[in-house]
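Visitor: Got a structure for you, questions after.
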Amino acid sequence: VVEGGGGGGGVDCCLDGLAPGTKYSVRVSCEDAFGNRSSVSNVLTVVTCTEIPVTWLGDASSSSAVISHDHATVGRRKGVSQWTVAVGSRSLNDSFTTFSVRVSGESPYMYIGVGYRGLTPLTDAYSKHSIMWRKHTGDVYLHASRMDRSNIFSISPSGPEPLHEEGYKDGDVVSVEVDFSNQRVSFYTNGRLSRRVNGMRTDVPVVPLVTIGASDVTATLVGRDA
């Protein structure tokens with residue numbers, strides 16, 4: 001599955017379903033729109049990004065956050081009018097890292113993404129100090145600005161196409177991949193690339209973030225080593 005191509009600019013290859021922190025050996029062949037196929041490449045060795053152990057940090061999150069005893073699941077206390085913000089315990093300041101969250105509940109009032117440690121307010125769904133993806137609608141907010149859907153691309157065999165599908169829902173696993181080299185955040189739904197956003201800051205610590213606006217939804221960290 002490729003992104004880009006044409007004009008001599010080369011292509012990027014996206015492989016779904018790979019395990020984090022794992023070495024793979026691959027061989028690549030490309031085919032253009034006219035059916036011309038290249039020869040198979042030599043074996044390439046690639047290593048997937050590391051999925052860091054992370055928990056929800058109670059003393060850095062909103063006071064309305066309800067966090068489980070193992071610090072893996074967070075929800076919102078009933079009777080609260082402001083948004084509940086949960087902050088991850090580990091910074092993502094590595095070249096290429098990811099974390100994953102299982103979503104539970106039908107309410108659309110949830111955002112998943114990353115924020116900047118010490119700067120992100122604990123009462124807002126999104127802010128100028130975060131990059132967030134909304135449940136159900138699929139809207140992405142880069143530093144408080146909702147991105148135009150025409151500027152967010154999915155990956156398809158024929159190259160980049162505008163992404164119009166909705167966001168994640170109850171039961172989905174959302175993975176957030178941080179690429180510091182390209183100042184990029186990518187969002188995956190059940191292992192499939194759904195959103196990719198450029199413009200992440202790299203001069204401050206970047207942390208996992210979830211914001212919850214209803215008491216019937218929770219976010220549970222999965223794939224943790226701790």
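Ordered as shown in the structure tokens, chains take letters A, B, and onward, while each chain numbers its residues from 1 and ligands are numbered from 1 in the order shown.
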Near Val217 (chain A), within 9 Å and counting only C-alpha atoms, which residues show up once chain neighbours fewer than 6 positions away are dropped, as a list in words?
Guide: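 These residues fall inside the cut-off: Val74, Gly75, Arg76, Val103, Ser104, Gly105, Glu106, Ser107, Pro108, Tyr109, Met110 and Asp170 of chain A.
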Visitor: Since we have the selection now, will you write its residues out, keeping all heavy atoms, as a tab-separated table (two decimals), in the first residue's frame?
Guide:
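Listing of out_12.tsv after writing:
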```
chain	number	residue	atom	x	y	z
A	74	VAL	N	-9.54	5.17	32.27
A	74	VAL	CA	-9.98	6.46	32.79
A	74	VAL	C	-11.38	6.77	32.28
A	74	VAL	O	-11.73	6.45	31.14
A	74	VAL	CB	-9.00	7.60	32.41
A	74	VAL	CG1	-8.94	7.79	30.90
A	74	VAL	CG2	-9.38	8.90	33.10
A	75	GLY	N	-12.19	7.35	33.15
A	75	GLY	CA	-13.52	7.83	32.79
A	75	GLY	C	-13.75	9.17	33.44
A	75	GLY	O	-12.83	9.79	33.98
A	76	ARG	N	-15.00	9.62	33.41
A	76	ARG	CA	-15.34	10.92	33.99
A	76	ARG	C	-16.37	10.74	35.09
A	76	ARG	O	-17.33	9.98	34.94
A	76	ARG	CB	-15.90	11.84	32.90
A	76	ARG	CG	-16.27	13.22	33.41
A	76	ARG	CD	-16.70	14.11	32.26
A	76	ARG	NE	-18.09	14.51	32.38
A	76	ARG	CZ	-18.60	15.59	31.80
A	76	ARG	NH1	-17.85	16.35	31.04
A	76	ARG	NH2	-19.87	15.90	31.95
A	103	VAL	N	-11.49	2.00	23.27
A	103	VAL	CA	-12.59	2.92	23.54
A	103	VAL	C	-13.84	2.14	23.95
A	103	VAL	O	-14.20	1.15	23.30
A	103	VAL	CB	-12.90	3.77	22.29
A	103	VAL	CG1	-14.10	4.67	22.52
A	103	VAL	CG2	-11.67	4.58	21.89
A	104	SER	N	-14.51	2.57	25.02
A	104	SER	CA	-15.75	1.95	25.46
A	104	SER	C	-16.81	3.03	25.66
A	104	SER	O	-16.51	4.10	26.20
A	104	SER	CB	-15.55	1.18	26.77
A	104	SER	OG	-14.63	0.13	26.61
A	105	GLY	N	-18.04	2.74	25.23
A	105	GLY	CA	-19.14	3.68	25.42
A	105	GLY	C	-19.62	4.29	24.12
A	105	GLY	O	-18.86	4.40	23.15
A	106	GLU	N	-20.88	4.70	24.10
A	106	GLU	CA	-21.51	5.20	22.88
A	106	GLU	C	-21.40	6.70	22.69
A	106	GLU	O	-21.51	7.20	21.58
A	106	GLU	CB	-22.99	4.80	22.86
A	106	GLU	CG	-23.24	3.30	22.83
A	106	GLU	CD	-22.74	2.66	21.54
A	106	GLU	OE1	-22.63	3.38	20.53
A	106	GLU	OE2	-22.48	1.45	21.54
A	107	SER	N	-21.20	7.45	23.75
A	107	SER	CA	-21.17	8.91	23.63
A	107	SER	C	-20.05	9.36	22.68
A	107	SER	O	-18.95	8.80	22.71
A	107	SER	CB	-20.96	9.55	25.00
A	107	SER	OG	-20.74	10.95	24.85
A	108	PRO	N	-20.30	10.38	21.85
A	108	PRO	CA	-19.26	10.87	20.94
A	108	PRO	C	-18.28	11.84	21.60
A	108	PRO	O	-17.35	12.31	20.95
A	108	PRO	CB	-20.08	11.59	19.86
A	108	PRO	CG	-21.27	12.11	20.60
A	108	PRO	CD	-21.60	11.04	21.62
A	109	TYR	N	-18.49	12.14	22.88
A	109	TYR	CA	-17.70	13.19	23.52
A	109	TYR	C	-16.39	12.66	24.08
A	109	TYR	O	-16.20	12.51	25.29
A	109	TYR	CB	-18.53	13.87	24.61
A	109	TYR	CG	-19.80	14.48	24.06
A	109	TYR	CD1	-21.04	14.00	24.45
A	109	TYR	CD2	-19.74	15.51	23.13
A	109	TYR	CE1	-22.20	14.55	23.92
A	109	TYR	CE2	-20.89	16.06	22.59
A	109	TYR	CZ	-22.12	15.57	22.99
A	109	TYR	OH	-23.27	16.11	22.46
A	110	MET	N	-15.48	12.37	23.17
A	110	MET	CA	-14.14	11.91	23.54
A	110	MET	C	-13.16	12.32	22.45
A	110	MET	O	-13.47	12.29	21.26
A	110	MET	CB	-14.11	10.38	23.71
A	110	MET	CG	-12.70	9.81	23.94
A	110	MET	SD	-12.66	8.00	24.00
A	110	MET	CE	-13.31	7.72	25.65
A	170	ASP	N	-17.27	2.87	19.73
A	170	ASP	CA	-17.24	1.93	20.85
A	170	ASP	C	-16.59	0.61	20.43
A	170	ASP	O	-16.94	0.03	19.41
A	170	ASP	CB	-18.67	1.68	21.33
A	170	ASP	CG	-18.76	0.63	22.43
A	170	ASP	OD1	-17.86	0.60	23.29
A	170	ASP	OD2	-19.73	-0.15	22.42
```
Visitor: Give me, as number ranges by chain, all polymer residues having an atom no more than 6 Å from Gln183 (chain A), counting only C-alpha atoms and skipping those fewer than 2 positions away in the same chain.
Guide: A: 179-181, 198-200
Visitor: What separation in Å, quoted to one decimal, exists between CA of Ala219 (chain A) and CA of Ile112 (chain A)?
Guide: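 CA of Ala219 (chain A) sits 8.8 Å away from CA of Ile112 (chain A).
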Visitor: Please determine, counting only C-alpha atoms, which residue among A:Thr97, A:Asp59, A:Asp203, A:Gly191 has the shortest atom-to-atom distance to Leu18 (chain A).
Guide: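 Going through A:Thr97, A:Asp59, A:Asp203, A:Gly191 one by one, the smallest distance to Leu18 (chain A) is for A:Gly191.
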Visitor: Do a neighbour search on region 63-66 of chain A at 9 Å with only C-alpha atoms, toss out local chain neighbours closer than 5 positions, and write the hits as number ranges by chain.
Guide: A: 58, 73-78, 80, 82-86, 122, 212
Visitor: Could you write out the selected residues, including N, CA and C atoms, as a compact mmCIF listing (two decimals), in the first residue's frame?
Guide:
```
# COMPACT_ATOMS: atom_id res chain seq x y z
N GLY A 58 -2.68 10.17 37.68
CA GLY A 58 -3.74 10.80 38.45
C GLY A 58 -3.44 12.22 38.87
N THR A 73 -7.39 2.44 32.94
CA THR A 73 -8.68 2.92 32.43
C THR A 73 -9.04 4.25 33.08
N VAL A 74 -9.54 5.17 32.27
CA VAL A 74 -9.98 6.46 32.79
C VAL A 74 -11.38 6.77 32.28
N GLY A 75 -12.19 7.35 33.15
CA GLY A 75 -13.52 7.83 32.79
C GLY A 75 -13.75 9.17 33.44
N ARG A 76 -15.00 9.62 33.41
CA ARG A 76 -15.34 10.92 33.99
C ARG A 76 -16.37 10.74 35.09
N ARG A 77 -16.17 11.45 36.19
CA ARG A 77 -17.11 11.39 37.30
C ARG A 77 -18.45 12.00 36.89
N LYS A 78 -19.54 11.43 37.36
CA LYS A 78 -20.87 11.95 37.04
C LYS A 78 -21.09 13.32 37.68
N VAL A 80 -20.34 16.27 36.41
CA VAL A 80 -19.29 17.25 36.10
C VAL A 80 -19.66 17.97 34.81
N GLN A 82 -17.45 20.34 33.22
CA GLN A 82 -16.27 20.58 32.40
C GLN A 82 -15.73 19.27 31.82
N TRP A 83 -14.90 19.41 30.80
CA TRP A 83 -14.25 18.24 30.22
C TRP A 83 -13.24 17.65 31.20
N THR A 84 -13.12 16.33 31.17
CA THR A 84 -12.12 15.63 31.97
C THR A 84 -10.92 15.32 31.08
N VAL A 85 -9.74 15.68 31.55
CA VAL A 85 -8.51 15.48 30.78
C VAL A 85 -7.61 14.50 31.53
N ALA A 86 -7.20 13.42 30.86
CA ALA A 86 -6.28 12.45 31.45
C ALA A 86 -4.94 12.52 30.72
N LEU A 122 -6.45 21.45 31.78
CA LEU A 122 -7.14 20.25 32.23
C LEU A 122 -8.65 20.39 32.22
N ILE A 212 -12.51 13.63 27.93
CA ILE A 212 -13.80 12.94 28.01
C ILE A 212 -14.87 13.94 28.45
```
